[in-house]
$ cat run-v6.tsv   # TSV, C-alpha atoms
chain	number	residue	atom	x	y	z
A	119	MET	CA	-18.49	115.14	-24.65
A	120	ASN	CA	-16.36	118.24	-24.38
A	121	LYS	CA	-12.74	117.94	-23.22
A	122	ILE	CA	-10.53	119.97	-20.92
A	123	GLU	CA	-6.89	118.82	-20.87
A	124	ASN	CA	-3.57	119.69	-19.24
A	125	ARG	CA	-4.72	122.67	-17.19
A	126	ASN	CA	-4.54	123.78	-13.56
A	127	PHE	CA	-7.53	125.07	-11.62
A	128	PRO	CA	-6.49	126.84	-8.39
A	129	HIS	CA	-9.45	129.15	-7.81
A	130	GLU	CA	-12.77	128.76	-6.03
A	131	ARG	CA	-15.50	127.20	-8.17
A	132	ASP	CA	-13.27	127.14	-11.23
A	133	LEU	CA	-15.49	124.63	-13.06
A	134	TYR	CA	-18.77	125.26	-11.27
A	135	GLY	CA	-21.80	123.77	-13.03
A	136	LEU	CA	-19.77	122.00	-15.72
A	137	LYS	CA	-21.71	119.50	-17.87
A	138	ASP	CA	-20.91	116.67	-20.29
A	139	THR	CA	-17.14	117.13	-20.10
A	140	GLU	CA	-14.00	115.01	-19.79
A	141	VAL	CA	-11.34	116.57	-17.54
A	142	ILE	CA	-8.04	114.92	-18.45
A	143	ASN	CA	-4.59	115.27	-16.88
A	144	CYS	CA	-5.60	118.39	-14.97
A	145	THR	CA	-4.50	119.62	-11.54
A	146	PHE	CA	-6.43	121.36	-8.81
A	147	LYS	CA	-3.85	123.10	-6.63
A	148	GLY	CA	-2.22	126.43	-5.92
A	149	ILE	CA	-1.61	129.22	-3.42
A	150	GLU	CA	-5.01	130.64	-4.30
A	151	ASP	CA	-6.43	127.84	-2.11
A	152	GLY	CA	-9.67	127.64	-4.03
A	153	GLU	CA	-12.41	125.21	-3.11
A	154	SER	CA	-15.50	123.59	-4.66
A	155	ALA	CA	-13.91	123.37	-8.09
A	156	LEU	CA	-16.49	121.01	-9.60
A	157	LYS	CA	-19.60	121.78	-7.61
A	158	GLU	CA	-23.10	121.26	-9.08
A	159	CYS	CA	-21.82	119.41	-12.14
A	160	ASP	CA	-23.50	116.84	-14.40
A	161	ASN	CA	-21.99	113.97	-16.40
A	162	ILE	CA	-18.31	114.61	-15.70
A	163	ALA	CA	-15.37	112.23	-16.29
A	164	LEU	CA	-12.03	112.84	-14.55
A	165	ASP	CA	-8.99	110.96	-15.81
A	166	SER	CA	-5.40	111.20	-14.54
A	167	CYS	CA	-6.07	114.27	-12.41
A	168	TYR	CA	-4.37	115.53	-9.26
A	169	MET	CA	-6.65	117.09	-6.65
A	170	ASP	CA	-5.06	119.05	-3.78
A	171	LEU	CA	-7.89	121.44	-2.84
A	172	ARG	CA	-10.90	120.82	-0.62
A	173	TYR	CA	-14.57	120.17	-1.37
A	174	PRO	CA	-14.11	119.56	-5.11
A	175	LEU	CA	-17.08	117.32	-5.94
A	176	TRP	CA	-20.23	118.40	-4.11
A	177	HIS	CA	-23.82	118.11	-5.39
A	178	ASP	CA	-22.70	116.38	-8.59
A	179	ARG	CA	-24.69	113.91	-10.67
A	180	GLY	CA	-22.92	111.37	-12.86
A	181	LEU	CA	-19.21	111.17	-12.05
A	182	THR	CA	-16.53	108.91	-13.47
A	183	ILE	CA	-13.11	109.15	-11.80
A	184	ARG	CA	-10.13	107.18	-13.11
A	185	ASN	CA	-6.40	107.18	-12.35
A	186	THR	CA	-6.85	110.20	-10.11
A	187	GLN	CA	-5.15	111.19	-6.85
A	188	MET	CA	-6.88	113.06	-4.06
A	189	THR	CA	-4.31	114.21	-1.50
A	190	PRO	CA	-4.83	114.74	2.26
A	191	ASN	CA	-5.50	118.40	1.39
A	192	CYS	CA	-8.46	117.27	-0.69
A	193	ARG	CA	-10.83	117.24	2.28
A	194	ALA	CA	-14.47	116.17	2.03
A	195	ALA	CA	-14.06	115.38	-1.65
A	196	LEU	CA	-17.44	113.87	-2.54
A	197	TRP	CA	-20.53	115.05	-0.66
A	198	TYR	CA	-24.21	114.95	-1.66
A	199	SER	CA	-23.38	113.42	-5.05
A	200	SER	CA	-24.87	110.47	-6.94
A	201	ASN	CA	-24.09	107.93	-9.64
A	202	ILE	CA	-20.34	107.77	-9.04
A	203	ALA	CA	-17.77	105.35	-10.49
A	204	ILE	CA	-14.19	105.46	-9.17
A	205	GLU	CA	-11.42	103.25	-10.56
A	206	ASN	CA	-7.69	102.94	-9.97
A	207	SER	CA	-7.58	106.06	-7.83
A	208	LYS	CA	-6.36	107.32	-4.44
A	209	LEU	CA	-8.74	108.94	-1.99
A	210	HIS	CA	-6.53	110.26	0.81
A	211	GLY	CA	-8.49	113.17	2.26
A	212	ILE	CA	-10.61	113.09	5.43
A	213	LYS	CA	-14.37	112.54	5.00
A	214	ALA	CA	-13.96	111.62	1.36
A	215	LEU	CA	-17.49	110.30	0.82
A	216	ARG	CA	-20.61	111.51	2.63
A	217	GLU	CA	-24.34	111.40	1.93
A	218	CYS	CA	-23.75	110.02	-1.56
A	219	GLN	CA	-25.84	107.51	-3.50
A	220	ASN	CA	-24.97	104.83	-6.05
A	221	THR	CA	-21.19	104.66	-5.76
A	222	VAL	CA	-18.92	101.98	-7.23
A	223	ILE	CA	-15.22	101.93	-6.29
A	224	SER	CA	-12.72	99.43	-7.70
A	225	ASN	CA	-8.95	98.88	-7.60
A	226	SER	CA	-8.45	101.93	-5.44
A	227	ASP	CA	-6.62	103.00	-2.29
A	228	ILE	CA	-8.73	104.78	0.31
A	229	ASP	CA	-7.15	106.40	3.37
A	230	SER	CA	-9.86	108.62	4.78
A	231	PRO	CA	-11.01	109.05	8.39
A	232	GLU	CA	-14.81	109.16	8.65
A	233	PHE	CA	-15.26	107.61	5.23
A	234	GLY	CA	-18.67	106.85	3.76
A	235	TRP	CA	-21.02	108.32	6.39
A	236	LYS	CA	-24.77	108.31	5.73
A	237	CYS	CA	-24.39	106.94	2.22
A	238	SER	CA	-26.52	104.41	0.35
A	239	ASP	CA	-25.89	101.86	-2.39
A	240	ILE	CA	-22.11	101.51	-2.28
A	241	LYS	CA	-20.01	98.80	-3.90
A	242	ILE	CA	-16.26	98.49	-3.31
A	243	ASN	CA	-14.11	95.74	-4.77
A	244	SER	CA	-10.42	94.87	-5.02
A	245	SER	CA	-9.40	97.88	-2.93
A	246	SER	CA	-7.61	98.82	0.29
A	247	LEU	CA	-9.40	100.93	2.85
A	248	HIS	CA	-8.16	102.67	6.00
A	249	SER	CA	-10.62	104.68	8.06
A	250	GLU	CA	-11.09	105.33	11.75
A	251	TYR	CA	-14.87	105.59	11.48
A	252	LEU	CA	-16.15	103.70	8.43
A	253	PHE	CA	-19.66	103.78	6.93
A	254	PHE	CA	-21.44	105.29	9.92
A	255	GLU	CA	-25.23	105.06	9.40
A	256	SER	CA	-24.93	103.90	5.79
A	257	LYS	CA	-27.04	101.28	4.01
A	258	ASN	CA	-26.99	98.91	1.06
A	259	ILE	CA	-23.24	98.23	0.99
A	260	VAL	CA	-21.35	95.47	-0.84
A	261	LEU	CA	-17.63	94.87	-0.26
A	262	ASP	CA	-15.64	92.17	-2.07
A	263	ASN	CA	-11.91	91.54	-1.89
A	264	VAL	CA	-11.32	94.51	0.38
A	265	LYS	CA	-8.50	94.86	2.89
A	266	PHE	CA	-9.65	97.15	5.69
A	267	ASN	CA	-7.82	98.61	8.66
A	268	GLY	CA	-9.47	100.95	11.14
A	269	LYS	CA	-11.38	101.20	14.38
A	270	TYR	CA	-15.09	101.93	14.71
A	271	SER	CA	-16.40	100.47	11.49
A	272	PHE	CA	-19.89	99.65	10.19
A	273	GLN	CA	-21.73	101.16	13.16
A	274	TYR	CA	-25.48	101.54	12.61
A	275	VAL	CA	-25.24	100.20	9.06
A	276	ASN	CA	-28.18	98.47	7.43
A	277	ASN	CA	-28.00	95.82	4.70
A	278	LEU	CA	-24.30	95.06	4.34
A	279	VAL	CA	-22.62	92.20	2.45
A	280	ILE	CA	-18.88	91.49	2.78
A	281	SER	CA	-16.99	88.66	1.03
A	282	ASN	CA	-13.38	87.54	0.50
A	283	SER	CA	-12.05	90.34	2.68
A	284	GLU	CA	-9.75	91.04	5.62
A	285	LEU	CA	-10.99	93.33	8.37
A	286	ASP	CA	-8.66	94.54	11.12
A	287	THR	CA	-10.96	96.63	13.24
A	288	LYS	CA	-12.46	97.38	16.65
A	289	ASP	CA	-16.02	97.84	17.86
A	290	ALA	CA	-17.19	96.87	14.37
A	291	PHE	CA	-20.84	96.30	13.45
A	292	TRP	CA	-22.28	97.88	16.61
A	293	HIS	CA	-26.05	98.25	16.21
A	294	ALA	CA	-25.75	96.95	12.64
A	295	LYS	CA	-28.73	95.23	11.02
A	296	ASP	CA	-28.98	92.69	8.21
A	297	VAL	CA	-25.30	91.90	7.66
A	298	VAL	CA	-23.73	88.89	5.92
A	299	VAL	CA	-19.96	88.32	6.05
A	300	SER	CA	-18.53	85.34	4.15
A	301	ASP	CA	-15.09	83.83	3.45
A	302	SER	CA	-13.37	86.60	5.39
A	303	ILE	CA	-11.05	87.23	8.32
A	304	VAL	CA	-12.47	89.55	10.96
A	305	LYS	CA	-10.11	90.73	13.70
A	306	GLY	CA	-11.25	93.12	16.40
A	307	GLU	CA	-12.22	93.72	19.99
A	308	TYR	CA	-15.88	93.87	21.09
A	309	LEU	CA	-17.18	92.77	17.72
A	310	ALA	CA	-20.79	93.42	16.74
A	311	TRP	CA	-22.40	94.26	20.06
A	312	PHE	CA	-26.13	95.05	19.85
A	313	SER	CA	-26.34	93.87	16.23
A	314	GLU	CA	-29.40	92.25	14.66
A	315	ASN	CA	-29.60	89.66	11.86
A	316	LEU	CA	-25.82	89.24	11.55
A	317	THR	CA	-24.47	86.15	9.77
A	318	PHE	CA	-20.87	84.95	9.40
A	319	ILE	CA	-20.19	82.16	6.88
A	320	ASN	CA	-16.79	80.43	6.52
A	321	CYS	CA	-15.10	83.21	8.48
A	322	THR	CA	-12.26	83.41	10.99
A	323	ILE	CA	-13.06	85.65	13.95
A	324	ILE	CA	-10.23	86.91	16.16
A	325	GLY	CA	-10.34	89.01	19.34
A	326	THR	CA	-11.76	89.48	22.81
A	327	GLN	CA	-15.42	89.70	23.86
A	328	PRO	CA	-17.08	89.31	20.47
A	329	LEU	CA	-20.73	89.04	19.59
A	330	CYS	CA	-22.52	90.15	22.76
A	331	PHE	CA	-26.09	91.46	23.09
A	332	CYS	CA	-26.89	90.22	19.57
A	333	LYS	CA	-30.28	89.22	18.16
A	334	ASN	CA	-30.58	86.50	15.51
A	335	LEU	CA	-26.82	85.95	15.29
A	336	LYS	CA	-25.61	83.09	13.08
A	337	LEU	CA	-22.12	81.64	12.60
A	338	ILE	CA	-21.85	78.92	9.95
A	339	ASN	CA	-18.66	76.88	9.61
A	340	CYS	CA	-16.55	79.55	11.30
A	341	LYS	CA	-13.31	79.51	13.29
A	342	MET	CA	-12.70	81.54	16.43
A	343	VAL	CA	-9.19	82.48	17.59
A	344	ASP	CA	-8.40	84.04	21.00
A	345	THR	CA	-12.09	84.75	21.48
A	346	ASP	CA	-13.03	84.94	25.14
A	347	LEU	CA	-16.25	85.97	26.92
A	348	CYS	CA	-18.23	85.34	23.76
A	349	PHE	CA	-21.98	85.63	23.19
A	350	GLU	CA	-23.03	87.34	26.43
A	351	TYR	CA	-26.83	87.86	26.36
A	352	SER	CA	-26.96	86.91	22.67
A	353	GLU	CA	-29.52	84.91	20.71
A	354	VAL	CA	-27.18	82.75	18.67
A	355	GLU	CA	-26.88	79.76	16.39
A	356	ALA	CA	-23.17	79.00	16.06
A	357	ASN	CA	-21.37	76.15	14.33
A	358	ILE	CA	-17.71	76.70	15.21
A	359	VAL	CA	-15.10	74.42	13.62
A	360	SER	CA	-12.44	75.27	16.21
A	361	SER	CA	-12.15	75.80	19.94
A	362	ILE	CA	-13.49	78.86	21.80
A	363	THR	CA	-11.53	80.35	24.69
A	364	SER	CA	-14.63	81.07	26.78
A	365	VAL	CA	-18.38	81.61	26.51
A	366	LYS	CA	-20.24	83.81	29.00
A	367	ASN	CA	-23.96	83.94	29.77
A	368	PRO	CA	-25.42	83.24	26.33
A	369	TYR	CA	-29.15	83.88	26.28
A	370	LYS	CA	-30.58	81.30	23.91
A	371	GLY	CA	-29.92	79.24	20.81
A	372	ILE	CA	-27.25	76.64	20.06
A	373	ILE	CA	-23.48	76.98	20.36
A	374	GLU	CA	-21.48	74.08	18.96
A	375	ALA	CA	-17.67	74.00	18.92
A	376	ASP	CA	-14.82	71.52	18.98
A	377	SER	CA	-14.15	72.58	22.56
A	378	ILE	CA	-14.70	75.51	24.91
A	379	GLY	CA	-12.03	76.44	27.42
A	380	GLU	CA	-14.50	77.85	29.95
A	381	ILE	CA	-18.27	78.21	30.15
A	382	ILE	CA	-19.13	81.08	32.49
A	383	LEU	CA	-22.68	81.21	33.86
A	384	THR	CA	-22.95	83.82	36.60
A	385	GLU	CA	-25.67	84.06	39.23
A	386	ASP	CA	-26.19	87.76	38.56
A	387	SER	CA	-26.85	87.25	34.85
A	388	LYS	CA	-29.66	89.42	33.51
A	389	TYR	CA	-31.11	86.47	31.59
A	390	PRO	CA	-31.23	82.74	32.31
A	391	CYS	CA	-29.06	80.65	30.02
A	392	LEU	CA	-31.48	78.92	27.67
A	393	ALA	CA	-28.80	78.10	25.10
A	394	LYS	CA	-27.71	74.58	24.29
A	395	ILE	CA	-23.92	74.36	24.39
A	396	ILE	CA	-22.27	71.46	22.59
A	397	GLN	CA	-18.60	70.51	22.68
A	398	ARG	CA	-17.85	67.86	20.11
A	399	ASN	CA	-15.07	66.43	22.28
A	400	LYS	CA	-17.23	66.44	25.44
A	401	LYS	CA	-20.76	65.68	26.48
A	402	SER	CA	-23.46	68.24	25.74
A	403	GLN	CA	-24.31	70.78	28.45
$ encode --input "run-v6.tsv" --output "structure tokens"
Amino acid sequence: MNKIENRNFPHERDLYGLKDTEVINCTFKGIEDGESALKECDNIALDSCYMDLRYPLWHDRGLTIRNTQMTPNCRAALWYSSNIAIENSKLHGIKALRECQNTVISNSDIDSPEFGWKCSDIKINSSSLHSEYLFFESKNIVLDNVKFNGKYSFQYVNNLVISNSELDTKDAFWHAKDVVVSDSIVKGEYLAWFSENLTFINCTIIGTQPLCFCKNLKLINCKMVDTDLCFEYSEVEANIVSSITSVKNPYKGIIEADSIGEIILTEDSKYPCLAKIIQRNKKSQ
């Protein structure tokens, strides 16, 4: 591969169409305020670079990014690109990843509102992630050992696997399909409404009104903390190894817990309660 080292690229499309090149210890900044520095490139490796200009990596194929910082000025950094590997880097610009395919991110720090929209085949491990809207309408996602903080995450995703992670979120997993979360802590209000084929295994779930209007919802060996008004109109199989604050109008399935503070079955419920509710410290209901 060719090499470009120790240079600054401040102009628009400075390295447009570059191929088979390592870009090492370079900066992308300046009063020229150029954009799209590495657009339409093939087989490019960035190492120890500093990126402070917008839209740098669009329509690229074959990207390796290591030890690189993308500042808040580096807006919409990776769009319409494929076959991307990012390691030990900082992605701090809004909309950092969109409509990309085959992306692997490891040991990185991501702080990017609207991160990962309409992407496919994404793997993130051993990283921190902050995003207000995360992975909207994306599919085929694997997260392991990720610490996430944000609000409206994983909405309309399809085929998502999360393990060994901490999620501090809100309105997560709305309308999501085919999701498995294991050995993780999930904190958030109004969790996973209208989801389908969602499974939690060995998880701790924290927050009000979780898991309503769900189809084929499963909780296996999970704990629930401060969870009230759970499971409204949901089809659920839940084995909870803790107490639940309250359960309201579950549709059908089995809910088993150590105890339930209140079971709310209202006369105006849209569906009859066909669920079997079991409290290990009380008689079945």
$ closest_residue --input "run-v6.tsv" --among "A:Phe318, A:Trp311, A:Tyr351, A:Tyr168" --to "Ala294 (chain A)" --atoms "only C-alpha atoms"
A:Trp311
$ residues_around --input "run-v6.tsv" --residues "Leu164 (chain A)" --least-positions-apart "4" --cutoff "12 Å" --atoms "only C-alpha atoms" --output "PyMOL selection string"
chain A and resi 121-124+138-146+156+168-169+174-175+180-188+202-207
$ closest_residue --input "run-v6.tsv" --among "A:Cys321, A:Cys159, A:Ile396, A:Cys237" --to "Phe254 (chain A)" --atoms "all atoms listed in the file"
A:Cys237
$ atom_distance --input "run-v6.tsv" --atom1 "CA of Leu285 (chain A)" --atom2 "CA of Leu316 (chain A)"
15.7 Å
$ atom_distance --input "run-v6.tsv" --atom1 "CA of Lys295 (chain A)" --atom2 "CA of Glu380 (chain A)"
29.4 Å
$ atom_distance --input "run-v6.tsv" --atom1 "CA of Pro328 (chain A)" --atom2 "CA of Asp346 (chain A)"
7.6 Å
$ closest_residue --input "run-v6.tsv" --among "A:His293, A:Lys147, A:Lys265, A:Arg193" --to "Asp132 (chain A)" --atoms "all atoms listed in the file"
A:Lys147
$ closest_residue --input "run-v6.tsv" --among "A:Asp262, A:Glu250, A:Asp376, A:Asp289" --to "Glu307 (chain A)" --atoms "all atoms listed in the file"
A:Asp289
$ residues_around --input "run-v6.tsv" --residues "Leu392 (chain A)" --least-positions-apart "6" --cutoff "8 Å" --atoms "all atoms listed in the file" --output "PyMOL selection string"
chain A and resi 368-371
$ residues_around --input "run-v6.tsv" --residues "Ile319 (chain A)" --least-positions-apart "3" --cutoff "8 Å" --atoms "all atoms listed in the file" --output "ChimeraX atom specification"
/A:298-301,337-340
$ residues_around --input "run-v6.tsv" --residues "Cys192 (chain A)" --least-positions-apart "5" --cutoff "6 Å" --atoms "only C-alpha atoms" --output "list of chain:residue names"
A:Asp170, A:Leu171, A:Arg172, A:Gly211
$ residues_near_point --input "run-v6.tsv" --point "(-17.1, 97.5, 14.6)" --cutoff "10 Å" --atoms "all atoms listed in the file" --output "short mmCIF file (atom, residue, chain, number, x, y, z; two decimals) with C-alpha atoms, keeping the file's coordinate frame"
data_model
loop_
_atom_site.label_atom_id
_atom_site.label_comp_id
_atom_site.auth_asym_id
_atom_site.auth_seq_id
_atom_site.Cartn_x
_atom_site.Cartn_y
_atom_site.Cartn_z
CA TYR A 251 -14.87 105.59 11.48
CA LEU A 252 -16.15 103.70 8.43
CA GLY A 268 -9.47 100.95 11.14
CA LYS A 269 -11.38 101.20 14.38
CA TYR A 270 -15.09 101.93 14.71
CA SER A 271 -16.40 100.47 11.49
CA PHE A 272 -19.89 99.65 10.19
CA GLN A 273 -21.73 101.16 13.16
CA TYR A 274 -25.48 101.54 12.61
CA LEU A 285 -10.99 93.33 8.37
CA ASP A 286 -8.66 94.54 11.12
CA THR A 287 -10.96 96.63 13.24
CA LYS A 288 -12.46 97.38 16.65
CA ASP A 289 -16.02 97.84 17.86
CA ALA A 290 -17.19 96.87 14.37
CA PHE A 291 -20.84 96.30 13.45
CA TRP A 292 -22.28 97.88 16.61
CA HIS A 293 -26.05 98.25 16.21
CA ALA A 294 -25.75 96.95 12.64
CA VAL A 304 -12.47 89.55 10.96
CA LYS A 305 -10.11 90.73 13.70
CA GLY A 306 -11.25 93.12 16.40
CA GLU A 307 -12.22 93.72 19.99
CA TYR A 308 -15.88 93.87 21.09
CA LEU A 309 -17.18 92.77 17.72
CA ALA A 310 -20.79 93.42 16.74
CA TRP A 311 -22.40 94.26 20.06
#
$ decode --input "run-v6.tsv" --residues "region 299-313 of chain A" --atoms "N, CA and C atoms" --output "JSON list (two decimals), in the first residue's frame"
[["chain", "number", "residue", "atom", "x", "y", "z"],
["A", 299, "VAL", "N", -31.24, -10.16, 24.63],
["A", 299, "VAL", "CA", -30.38, -9.42, 25.54],
["A", 299, "VAL", "C", -30.02, -10.35, 26.69],
["A", 300, "SER", "N", -28.73, -10.55, 26.94],
["A", 300, "SER", "CA", -28.32, -11.48, 28.00],
["A", 300, "SER", "C", -27.27, -10.86, 28.91],
["A", 301, "ASP", "N", -27.32, -11.25, 30.18],
["A", 301, "ASP", "CA", -26.29, -10.89, 31.17],
["A", 301, "ASP", "C", -26.03, -9.38, 31.17],
["A", 302, "SER", "N", -27.10, -8.61, 31.15],
["A", 302, "SER", "CA", -26.99, -7.16, 31.04],
["A", 302, "SER", "C", -27.92, -6.45, 32.02],
["A", 303, "ILE", "N", -27.64, -5.17, 32.24],
["A", 303, "ILE", "CA", -28.50, -4.31, 33.03],
["A", 303, "ILE", "C", -29.18, -3.34, 32.06],
["A", 304, "VAL", "N", -30.50, -3.30, 32.13],
["A", 304, "VAL", "CA", -31.27, -2.45, 31.23],
["A", 304, "VAL", "C", -32.13, -1.52, 32.08],
["A", 305, "LYS", "N", -31.82, -0.24, 32.03],
["A", 305, "LYS", "CA", -32.54, 0.76, 32.82],
["A", 305, "LYS", "C", -33.23, 1.72, 31.87],
["A", 306, "GLY", "N", -34.56, 1.91, 32.07],
["A", 306, "GLY", "CA", -35.23, 2.85, 31.19],
["A", 306, "GLY", "C", -36.74, 2.83, 31.36],
["A", 307, "GLU", "N", -37.36, 3.94, 31.07],
["A", 307, "GLU", "CA", -38.81, 4.04, 31.12],
["A", 307, "GLU", "C", -39.43, 3.50, 29.83],
["A", 308, "TYR", "N", -40.61, 2.88, 29.96],
["A", 308, "TYR", "CA", -41.41, 2.46, 28.81],
["A", 308, "TYR", "C", -40.62, 1.54, 27.88],
["A", 309, "LEU", "N", -40.00, 0.56, 28.45],
["A", 309, "LEU", "CA", -39.10, -0.32, 27.72],
["A", 309, "LEU", "C", -39.86, -1.25, 26.76],
["A", 310, "ALA", "N", -39.46, -1.22, 25.52],
["A", 310, "ALA", "CA", -39.79, -2.26, 24.53],
["A", 310, "ALA", "C", -41.27, -2.38, 24.21],
["A", 311, "TRP", "N", -41.99, -1.28, 24.19],
["A", 311, "TRP", "CA", -43.40, -1.35, 23.78],
["A", 311, "TRP", "C", -43.50, -1.75, 22.31],
["A", 312, "PHE", "N", -44.48, -2.55, 22.00],
["A", 312, "PHE", "CA", -44.80, -2.97, 20.63],
["A", 312, "PHE", "C", -43.69, -3.82, 20.00],
["A", 313, "SER", "N", -42.86, -4.43, 20.81],
["A", 313, "SER", "CA", -41.79, -5.28, 20.27],
["A", 313, "SER", "C", -42.32, -6.68, 19.97]]
